[in-house]
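Okay, so here's the structure we're looking at.
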Amino acid sequence: AIKDAINEKNILMVGFNRRYSSLVSNIKKIIQTLKGPKSFIYTCNTGSINADHWIQDPKVGGGRLIGEACHFLDLLIYLSGSTVKDISLCESANLNKISDNFSIQIKFANGSIGTIHYFSNGSNLFPKERLEVFADGKVVRLDNFLKIKTWGLSKNEDKRILKQDKGHFKMVKKFL
């Protein structure tokens with residue numbers, strides 16, 4: 001239906017916005033200077049939703065793996081600067097039809113690796129999203145799209161912003 005709807009008059013934008021975040025731009029600049037493959041850990045603490053929610057319907061929303069975790073995979077592909085060579089999924093048992101608790105293991109063609117932890121069974125007091133990048137004896141951490149903290153860099157690249165920026169505005173601006 002999507003393919004049939006796209007033509008000269010109708011265009012499609014996929015909302016993979018996180019790569020357009022100002023803090024992600026900073027991280028990309030930092031890690032491009034680091035030698036060797038990168039190791040990524042993306043943790044998403046989403047909270048649970050009801051089994052009858054539209055995103056949990058395999059035919060409508062495809063579950064949170066298809067409907068939400070794809071954003072984090074896109075971000076790791078962007079930051080790695082590589083294509084995916086191999087990918088695997090490990091999910092916990094769930095009484096619902098589709099699990100909301102899973103880890104994705106990714107091996108990139110350039111030798112980098114990544115893990116996406118997507119959990120709905122955590123506390124809402126814990127931050128929702130965290131990205132950690134390990135490379136060349138350095139570590140860069142993004143907390144909830146509000147703060148970057150670094151370890152091992154000769155220059156202090158720590159940064160904090162007042163309002164969360166997940167890249168929505170910049171993505172739409174670039175699209176238009």
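We name chains A, B, ... following the order of the structure tokens; residues begin at 1 in each chain, and ligands are numbered from 1 as shown.
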For the contact check between stretch 28-77 of chain A and stretch 123-131 of chain A, emit one row per residue of stretch 28-77 of chain A within 9 Å, containing the shortest atom pair and the distance in Å rounded to one decimal, counting only C-alpha atoms, chain then rising number order, as CSV.
```
residue,atom,partner,partner_atom,distance
A:Phe40,CA,A:Leu131,CA,7.1
A:Ile41,CA,A:Leu131,CA,5.8
A:Tyr42,CA,A:Leu131,CA,4.5
A:Thr43,CA,A:Arg130,CA,5.2
A:Cys44,CA,A:Glu129,CA,4.6
A:Asn45,CA,A:Lys128,CA,4.6
A:Thr46,CA,A:Lys128,CA,5.9
A:Gly47,CA,A:Asn124,CA,6.5
```
- Skip stretch 167-172 of chain A itself and residues of its chain fewer than 3 positions away, then list as a list in words all residues within 7 Å of it, counting only C-alpha atoms. Asn17, Arg18, Arg19, Tyr20, Ser21, Ser22, Phe175 and Leu176 of chain A
Give me a file of those residues, with C-alpha atoms, as a short mmCIF file (atom, residue, chain, number, x, y, z; two decimals), in the first residue's frame.
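Saved result, selection_2.cif, follows:
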```cif
data_model
loop_
_atom_site.label_atom_id
_atom_site.label_comp_id
_atom_site.auth_asym_id
_atom_site.auth_seq_id
_atom_site.Cartn_x
_atom_site.Cartn_y
_atom_site.Cartn_z
CA ASN A 17 15.18 11.42 13.62
CA ARG A 18 17.82 10.56 16.23
CA ARG A 19 20.72 10.86 13.77
CA TYR A 20 19.76 14.56 13.40
CA SER A 21 20.09 15.38 17.11
CA SER A 22 22.61 18.14 17.83
CA PHE A 175 13.32 16.81 4.35
CA LEU A 176 11.41 19.94 3.35
#
```
- Query: Which residues in stretch 63-167 of chain A does DSSP call strand (DSSP E)? List them as a PyMOL selection string.
  - Reply: chain A and resi 84-91+102-108+113-119+129-135+138-143+147-151+159-160
- Counting only C-alpha atoms, the option among A:Leu65, A:Ile30, A:Val84, A:Val24 closest to A:Lys147: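 Under the stated criterion, the closest residue is A:Val24.
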- Message: Report as a ChimeraX atom specification all protein, DNA and RNA residues lying within 9 Å of A:Ser48, evaluated on only C-alpha atoms, omitting residues in the same chain fewer than 4 positions from it.
- Response: /A:100,119-122
- Message: So that I can check the secondary structure, give me every residue of stretch 3-148 of chain A assigned alpha helix (DSSP H) by backbone DSSP, as an NGL selection string.
- Response: :A and (3-5 or 22-32 or 63-67 or 69-80)
- Item | Residue contacts of stretch 153-157 of chain A (12 Å, only C-alpha atoms) excluding same-chain residues fewer than 5 positions away, as a PyMOL selection string | chain A and resi 23+26-31+33-34+134-142+147-148
- Please measure the separation of atom CA of A:Glu8 and atom CA of A:Glu68, giving the value in Å to one decimal.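 Computing the Euclidean distance for atom CA of A:Glu8 and atom CA of A:Glu68 yields 28.6 Å.
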- atom CA of A:Ile113 and atom CA of A:Gly63, how far apart in Å?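 Atom CA of A:Ile113 lies at a distance of 24.3 Å from atom CA of A:Gly63.
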- All residues 8 Å or closer to A:Cys90, only C-alpha atoms, same chain fewer than 6 positions away omitted, as a PyMOL selection string: chain A and resi 102-104
- Query: Can you tell me, as a list in words, what residues are no more than 8 Å from stretch 53-56 of chain A when counting only C-alpha atoms, ignoring any on the same chain fewer than 5 positions away?
  - Reply: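 Near neighbours after the sequence-gap exclusion: Gly61, Gly62, Gly63, Arg64, Gly67, Lys97 and Ile98 of chain A.
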- d(atom CA of A:Gln32, atom CA of A:Lys107) in Å: 18.2 Å
